[in-house]
Each structure stands twice: as structure tokens, then as C-alpha cells.
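**Q** File follows, start18.cif with mmCIF, C-alpha atoms and all ligand atoms:
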data_upload
#
loop_
_atom_site.label_atom_id
_atom_site.label_comp_id
_atom_site.auth_asym_id
_atom_site.auth_seq_id
_atom_site.Cartn_x
_atom_site.Cartn_y
_atom_site.Cartn_z
CA MET A 9 -1.12 304.45 40.86
CA LEU A 10 -0.16 301.37 38.91
CA GLY A 11 -3.52 300.55 37.35
CA GLU A 12 -4.65 297.10 36.35
CA PHE A 13 -2.42 294.23 35.32
CA GLY A 14 -3.08 291.98 32.37
CA SER A 15 -1.77 288.79 30.80
CA ASP A 16 1.03 290.75 29.13
CA ASP A 17 2.41 291.96 32.48
CA ALA A 18 4.99 290.17 34.63
CA LEU A 19 6.32 290.81 38.11
CA ILE A 20 10.04 290.12 38.60
CA VAL A 21 11.02 289.77 42.25
CA VAL A 22 14.80 289.96 42.53
CA ASP A 23 16.83 288.16 45.22
CA VAL A 24 14.58 288.51 48.28
CA GLN A 25 16.85 286.11 50.14
CA ASN A 26 18.04 285.92 53.72
CA ASP A 27 21.57 287.09 52.99
CA PHE A 28 20.17 290.34 51.55
CA CYS A 29 17.79 290.90 54.45
CA GLU A 30 18.25 291.81 58.10
CA GLU A 31 21.03 289.78 59.75
CA GLY A 32 22.14 288.24 56.46
CA ALA A 33 25.65 288.45 55.01
CA PHE A 34 25.05 292.00 53.74
CA ASP A 35 23.31 293.15 56.91
CA LEU A 36 20.93 295.32 54.88
CA LEU A 37 17.97 296.99 56.56
CA GLY A 38 14.60 296.98 54.89
CA GLY A 39 14.39 293.57 53.23
CA GLY A 40 11.81 292.30 55.69
CA ALA A 41 9.54 295.30 55.15
CA ILE A 42 9.10 294.78 51.42
CA VAL A 43 8.00 291.16 51.72
CA ALA A 44 4.34 291.70 52.71
CA PRO A 45 3.56 294.22 49.92
CA ILE A 46 5.38 292.01 47.39
CA ASN A 47 3.24 289.05 48.50
CA ALA A 48 0.10 291.13 48.03
CA LEU A 49 1.18 292.44 44.64
CA ALA A 50 2.20 289.00 43.33
CA GLN A 51 -1.42 287.85 43.66
CA LYS A 52 -2.41 290.31 40.93
CA PHE A 53 -0.04 288.96 38.25
CA GLN A 54 -0.42 286.07 35.83
CA THR A 55 3.34 285.80 35.45
CA VAL A 56 5.59 286.06 38.52
CA VAL A 57 9.32 285.36 38.33
CA MET A 58 11.46 285.20 41.46
CA THR A 59 15.21 285.23 41.07
CA GLN A 60 17.61 283.59 43.49
CA ASP A 61 21.29 284.51 43.73
CA PHE A 62 22.76 281.02 43.98
CA HIS A 63 26.53 280.75 44.24
CA PRO A 64 28.71 277.68 44.67
CA ALA A 65 31.06 277.86 47.69
CA GLY A 66 34.27 279.64 46.72
CA HIS A 67 32.52 281.75 44.07
CA SER A 68 34.76 284.20 42.22
CA SER A 69 32.61 287.17 43.37
CA PHE A 70 33.59 286.50 47.00
CA ALA A 71 36.49 288.52 48.42
CA SER A 72 37.45 285.37 50.34
CA SER A 73 38.24 283.64 47.03
CA HIS A 74 41.02 286.15 46.24
CA GLU A 75 44.13 286.20 48.41
CA GLY A 76 44.43 289.48 50.33
CA ALA A 77 41.33 291.03 48.75
CA GLU A 78 38.72 292.91 50.74
CA ALA A 79 34.97 292.94 50.26
CA PHE A 80 33.50 295.97 48.46
CA THR A 81 36.63 296.49 46.34
CA GLN A 82 36.94 295.75 42.61
CA ILE A 83 39.05 293.30 40.67
CA ASP A 84 39.47 292.61 36.98
CA MET A 85 37.97 289.35 35.82
CA PRO A 86 38.49 288.04 32.26
CA TYR A 87 35.01 289.39 31.47
CA GLY A 88 35.65 292.85 33.02
CA PRO A 89 35.53 294.62 36.39
CA GLN A 90 33.85 292.75 39.23
CA THR A 91 33.00 294.03 42.71
CA LEU A 92 33.97 291.62 45.47
CA TRP A 93 31.40 290.77 48.10
CA PRO A 94 31.21 289.01 51.44
CA ASP A 95 30.42 285.31 51.08
CA HIS A 96 26.69 285.19 50.39
CA CYS A 97 23.86 283.10 48.96
CA ILE A 98 25.86 279.88 48.94
CA GLN A 99 23.87 277.00 47.47
CA GLY A 100 22.23 274.94 50.20
CA THR A 101 22.79 277.42 53.04
CA PRO A 102 20.08 279.36 54.93
CA GLY A 103 21.47 282.61 53.49
CA ALA A 104 20.56 281.47 49.96
CA ALA A 105 16.98 280.64 50.96
CA PHE A 106 14.19 283.07 50.23
CA HIS A 107 13.03 285.27 53.10
CA PRO A 108 10.80 282.98 55.19
CA ALA A 109 7.75 285.24 54.78
CA LEU A 110 8.06 285.49 50.97
CA GLU A 111 5.22 283.51 49.42
CA THR A 112 7.15 281.62 46.78
CA THR A 113 4.06 279.62 45.82
CA ALA A 114 3.07 282.72 43.84
CA ALA A 115 6.12 282.25 41.57
CA HIS A 116 5.60 280.62 38.17
CA LEU A 117 9.35 280.56 37.62
CA ILE A 118 12.22 280.57 40.09
CA LEU A 119 15.33 281.60 38.23
CA ARG A 120 18.72 280.90 39.76
CA LYS A 121 21.72 282.95 38.73
CA GLY A 122 25.40 283.27 39.54
CA CYS A 123 25.67 279.47 39.59
CA GLN A 124 28.93 279.30 37.63
CA LEU A 125 32.07 279.45 39.77
CA ASP A 126 33.91 282.00 37.61
CA LEU A 127 31.06 284.18 36.42
CA ASP A 128 28.74 286.42 38.42
CA SER A 129 25.25 287.45 37.34
CA TYR A 130 23.56 290.57 38.62
CA SER A 131 20.97 290.70 35.86
CA ALA A 132 18.13 288.22 35.58
CA PHE A 133 18.59 288.31 31.79
CA VAL A 134 22.32 288.24 31.00
CA GLU A 135 25.26 287.26 33.21
CA ASN A 136 28.14 289.63 34.00
CA ASP A 137 30.15 288.63 30.92
CA ARG A 138 27.23 290.37 29.16
CA LYS A 139 26.99 287.38 26.79
CA THR A 140 25.62 284.38 28.68
CA LYS A 141 21.85 284.50 28.67
CA THR A 142 19.65 283.13 31.44
CA GLY A 143 16.78 282.49 29.03
CA LEU A 144 14.40 284.80 30.86
CA ASP A 145 13.66 286.93 27.80
CA GLY A 146 12.49 283.86 25.88
CA TYR A 147 10.39 282.67 28.80
CA LEU A 148 8.64 286.02 29.15
CA ARG A 149 8.15 286.48 25.44
CA SER A 150 6.68 283.03 24.93
CA ARG A 151 4.13 283.83 27.65
CA GLY A 152 3.14 286.98 25.80
CA VAL A 153 4.67 289.38 28.30
CA ARG A 154 5.29 292.92 27.07
CA ARG A 155 5.66 294.86 30.32
CA VAL A 156 7.63 293.97 33.45
CA PHE A 157 7.52 295.38 36.98
CA VAL A 158 10.80 294.91 38.84
CA CYS A 159 11.35 294.97 42.62
CA GLY A 160 13.54 293.35 45.27
CA ILE A 161 17.18 293.58 46.32
CA ALA A 162 19.48 295.27 45.61
CA THR A 163 18.08 298.34 43.86
CA ASP A 164 21.55 299.41 42.70
CA PHE A 165 22.86 296.00 41.64
CA CYS A 166 20.67 293.07 40.65
CA VAL A 167 17.45 295.08 40.41
CA ALA A 168 19.02 297.87 38.31
CA TRP A 169 20.86 295.53 35.97
CA SER A 170 17.72 293.46 35.49
CA ALA A 171 15.60 296.55 34.79
CA VAL A 172 18.03 298.00 32.24
CA ASP A 173 18.37 294.61 30.54
CA ALA A 174 14.58 294.27 30.44
CA VAL A 175 14.45 297.52 28.45
CA ASP A 176 17.27 296.26 26.22
CA HIS A 177 15.23 293.13 25.50
CA GLY A 178 12.27 295.20 24.42
CA PHE A 179 10.09 295.12 27.51
CA GLU A 180 8.33 298.18 28.85
CA THR A 181 9.88 298.35 32.32
CA VAL A 182 8.72 299.78 35.64
CA LEU A 183 10.88 299.91 38.79
CA LEU A 184 8.80 299.60 41.95
CA ARG A 185 10.89 302.08 43.89
CA ASN A 186 9.39 301.49 47.35
CA LEU A 187 9.55 297.70 46.99
CA SER A 188 13.30 297.75 46.43
CA VAL A 189 16.20 297.95 48.89
CA GLU A 190 19.67 299.24 48.05
CA ILE A 191 23.24 298.43 49.07
CA ASP A 192 24.48 301.95 48.14
CA LEU A 193 28.20 301.47 47.68
CA GLU A 194 30.02 304.76 47.01
CA GLY A 195 27.14 306.48 45.29
CA SER A 196 25.98 303.39 43.42
CA LEU A 197 22.33 304.04 44.23
CA GLN A 198 22.18 307.46 42.55
CA ALA A 199 24.31 306.23 39.64
CA GLN A 200 22.00 303.28 39.00
CA LEU A 201 18.82 305.33 39.41
CA ASP A 202 20.25 307.69 36.77
CA ALA A 203 21.19 304.74 34.53
CA MET A 204 17.72 303.28 34.81
CA SER A 205 16.08 306.63 34.02
CA ALA A 206 18.38 307.13 31.05
CA ALA A 207 17.49 303.65 29.76
CA GLY A 208 13.79 304.49 29.96
CA VAL A 209 12.82 302.61 33.10
CA ARG A 210 9.73 304.18 34.67
CA MET A 211 9.78 304.65 38.46
CA GLU A 212 6.58 304.04 40.37
CA ARG A 213 5.46 303.45 43.92
CA TYR A 214 3.16 300.61 44.91
CA GLU A 215 0.47 301.41 47.44
CA ALA A 216 -1.40 298.35 48.67
CA GLY A 217 -5.10 298.15 47.86
C1 LIG B 1 23.57 291.13 44.54
C2 LIG B 1 25.72 291.67 45.10
C3 LIG B 1 26.11 290.36 44.91
C4 LIG B 1 22.16 291.60 44.36
C5 LIG B 1 23.95 289.82 44.33
O1 LIG B 1 21.23 290.77 44.47
O2 LIG B 1 21.97 292.81 44.11
N1 LIG B 1 24.46 292.05 44.90
N2 LIG B 1 25.21 289.45 44.51
ZN ZN B 2 25.79 287.41 44.48
#
Output the file's structure as C-alpha cells, nothing else.
Ligand code: VGL
Ligand code: ZN

**A**
Amino acid sequence: MLGEFGSDDALIVVDVQNDFCEEGAFDLLGGGAIVAPINALAQKFQTVVMTQDFHPAGHSSFASSHEGAEAFTQIDMPYGPQTLWPDHCIQGTPGAAFHPALETTAAHLILRKGCQLDLDSYSAFVENDRKTKTGLDGYLRSRGVRRVFVCGIATDFCVAWSAVDAVDHGFETVLLRNLSVEIDLEGSLQAQLDAMSAAGVRMERYEAG
């Protein structure tokens, strides 16, 4: 049971976009099913942030941007290792749009990330160079937020990195395990669940009501 939410609580809904849902670029199952409970939960929060993976065409995280490279392999970028992905969430395309049933009117802030051609951003707080800040910590702090609830897609990438960074920025952090959907690349789900637990992220389930 999650209890009551107050003015110092925020809900962070990560990347519930068409390319991460059924029939999107990642062909993940389960995105559609988390939308209705997320809509219901968002009504209970005074601060709701929705993130949007928002890449320019030809983004450096796309396998298609690297001659001969295949999706789901790794390359070295100047800022460190980077997994390569299918083309996804390209600015202005239907794949980058939020899932059509997601009630985005509930969002106080829509935060776009991964907008720079040569830099990816899994986390809603800090981009993959681990230096460039999105400003989310300042936004939350100036609204008096102390605790964040994180859900969305993908559990083992953008959700996990956002949750661990939330802890690093001093927020009490709860992963809504049943409102998150994973990619699960070579054991990444278990590895990231372990990393979140080690960082002090609490795991909870949300039951509507
Ligand atoms: C994501 C891979 C590439 C995510 C975004 O939202 O987890 N994963 N871009
Ligand atoms: Zn992306």
C-alpha cells in the first residue's frame, strides 16, 4: 500500500511513448497496460512530471548512425559506453508522441531528453555524459518535493537511471514496479533492479483504489 500523497511528493512518468509501446520501434509488450493505472495515480499528485525521449533524426544512439553497427550492441562514445538502439522517438514523428491514452493534461512539466545529436540521456536528471543536467532536480526542489515515485518505460534503462539519480540528488525514491515495463537486454533487468536496491530505491506495487 502506498498511503497518502502530499505536496512534497512527485510522480515521474518516464517515456510512455508510442515507440516504447506495442507496435513501436522497440516492439515492447505491456506499455498499453500501464497507461490506465498511471492516469488514475497521476490524479493524486500535486507534482507530475512526464519525460519524453526526443531525439533528432540521425541521433548518435541509433545503430543506423554508425556504419555497419547493429542495434543492441555497444560502442564507445567520447563520454563512455553507449548501447545502440533501433531508430526511435524521433522529434515530430508518431513514435515520439505519448501513448494516445496517456492523460498528459495531468503533467505539470513535460521534460524532453536526448535532444542533443551526440549525447544520449536515459536519466531524467543527468544525461549520459553524467555531467549535463536536465534541471529536474532544481524544479522538484523548488516545488518542495522530497519524495518521488518513478514509473514508465523502460524499467532497466530510463526508469532505473532516473530512480538511481533521484536518490543521488537526495530524494526518497520509490519504484512502482508494476507500472514499469522492461526491455531486458542480456540480463539488464535483474542488474538494474539490483542497482536500484543497492542505491536505496524502494520497490512498491500500485493497486488502484
Ligand atoms: C530508452 C533506450 C533508448 C528508455 C530510451 O526510455 O528506457 N531506452 N532510449
Ligand atoms: Zn532513446

**Q** Given the choices A:Phe106, A:Phe53, A:Phe157, A:Phe133, which gets closest to Gln25 of chain A if the distance is worked out from only C-alpha atoms?

**A** A:Phe106

**Q** Write out as an MDAnalysis selection string each polymer residue (protein, DNA or RNA) that has an atom no more than 9 Å from ligand LIG 1 (chain B), with all atoms listed in the file counted.

**A** chainID A and resid 22:25 28 34 59:63 69:70 91:94 96:97 122 128:131 160:169 190:191

**Q** Listed atoms of segment 120-135 of chain A, axis-aligned box, 5 Å per side: centre and edge lengths to one decimal in Å, as JSON?

**A**
{"center_x": 26.0, "center_y": 285.0, "center_z": 35.4, "size_x": 25.8, "size_y": 21.4, "size_z": 18.8}

**Q** Point out the residue among A:Leu187, A:Ala79, A:Val175, A:Ala71 with the least atom-to-atom distance to Ala44 of chain A, counting all atoms listed in the file.

**A** A:Leu187

**Q** From the set A:Gly38, A:Thr55, A:Gly14, A:Leu125, which residue has the shortest atom-to-atom contact distance to ligand ZN 2 (chain B), counting only C-alpha atoms and all ligand atoms?

**A**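 Checking each of A:Gly38, A:Thr55, A:Gly14, A:Leu125 against ligand ZN 2 (chain B), counting only C-alpha atoms and all ligand atoms, the winner is A:Leu125.
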
**Q** Would you list the contacts of Val56 of chain A as number ranges by chain, taking every protein, DNA or RNA residue within 10 Å and counting all atoms listed in the file, but skipping same-chain residues closer than 6 positions in sequence?

**A** A: 17-21, 49-50, 112-118, 148, 156-157

**Q** Could you save those same residues with C-alpha atoms as a JSON list (two decimals), in the frame of the given file?

**A**
[["chain", "number", "residue", "atom", "x", "y", "z"],
["A", 17, "ASP", "CA", 2.41, 291.96, 32.48],
["A", 18, "ALA", "CA", 4.99, 290.17, 34.63],
["A", 19, "LEU", "CA", 6.32, 290.81, 38.11],
["A", 20, "ILE", "CA", 10.04, 290.12, 38.60],
["A", 21, "VAL", "CA", 11.02, 289.77, 42.25],
["A", 49, "LEU", "CA", 1.18, 292.44, 44.64],
["A", 50, "ALA", "CA", 2.20, 289.00, 43.33],
["A", 112, "THR", "CA", 7.15, 281.62, 46.78],
["A", 113, "THR", "CA", 4.06, 279.62, 45.82],
["A", 114, "ALA", "CA", 3.07, 282.72, 43.84],
["A", 115, "ALA", "CA", 6.12, 282.25, 41.57],
["A", 116, "HIS", "CA", 5.60, 280.62, 38.17],
["A", 117, "LEU", "CA", 9.35, 280.56, 37.62],
["A", 118, "ILE", "CA", 12.22, 280.57, 40.09],
["A", 148, "LEU", "CA", 8.64, 286.02, 29.15],
["A", 156, "VAL", "CA", 7.63, 293.97, 33.45],
["A", 157, "PHE", "CA", 7.52, 295.38, 36.98]]

**Q** Taking into account all atoms listed in the file, which residue in the set A:Gln198, A:Gln124, A:Thr142, A:Asn47 is nearest to Ala65 of chain A?

**A** A:Gln124

**Q** I'd like the interatomic distance between atom CA of Arg185 of chain A and atom CA of Cys159 of chain A, to a tenth of an Å.

**A**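 Distance reported for this atom pair: 7.2 Å.
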
**Q** For a quick check of understanding, using all atoms listed in the file, which of A:Glu12, A:Gln99, A:Thr140, A:Asp202 has the smallest distance to ligand ZN 2 (chain B)?

**A** A:Gln99

**Q** Which value, in Å to one decimal, gives the distance between atom CA of Val182 of chain A and atom CA of Arg210 of chain A?

**A** 4.6 Å

**Q** Between A:Leu10, A:Cys123, A:Val43, A:Ile83, which one has atoms that come closest to Glu212 of chain A, using only C-alpha atoms?

**A**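 Closest to Glu212 of chain A of all the choices is A:Leu10.
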
**Q** Neighbours of Asp173 of chain A within 10 Å (only C-alpha atoms; same-chain residues fewer than 3 positions away dropped), as a list of chain:residue names?

**A**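 The residues that qualify are A:Ser131, A:Ala132, A:Phe133, A:Val134, A:Arg138, A:Asp145, A:Val167, A:Ala168, A:Trp169, A:Ser170, A:Asp176, A:His177, A:Gly178, A:Phe179, A:Thr181, A:Met204, A:Ala207.
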
**Q** Do you have the atom CA of Glu30 of chain A-atom CA of Leu197 of chain A distance handy?

**A**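 Answer for the atom CA of Glu30 of chain A to atom CA of Leu197 of chain A separation: 18.9 Å.
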
**Q** Would you mind listing what lies within 8 Å of Asp16 of chain A as a list in words, with only C-alpha atoms counted and same-chain residues fewer than 6 positions away left out?

**A**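 The residues that qualify are Arg151, Gly152, Val153, Arg154 and Arg155 of chain A.
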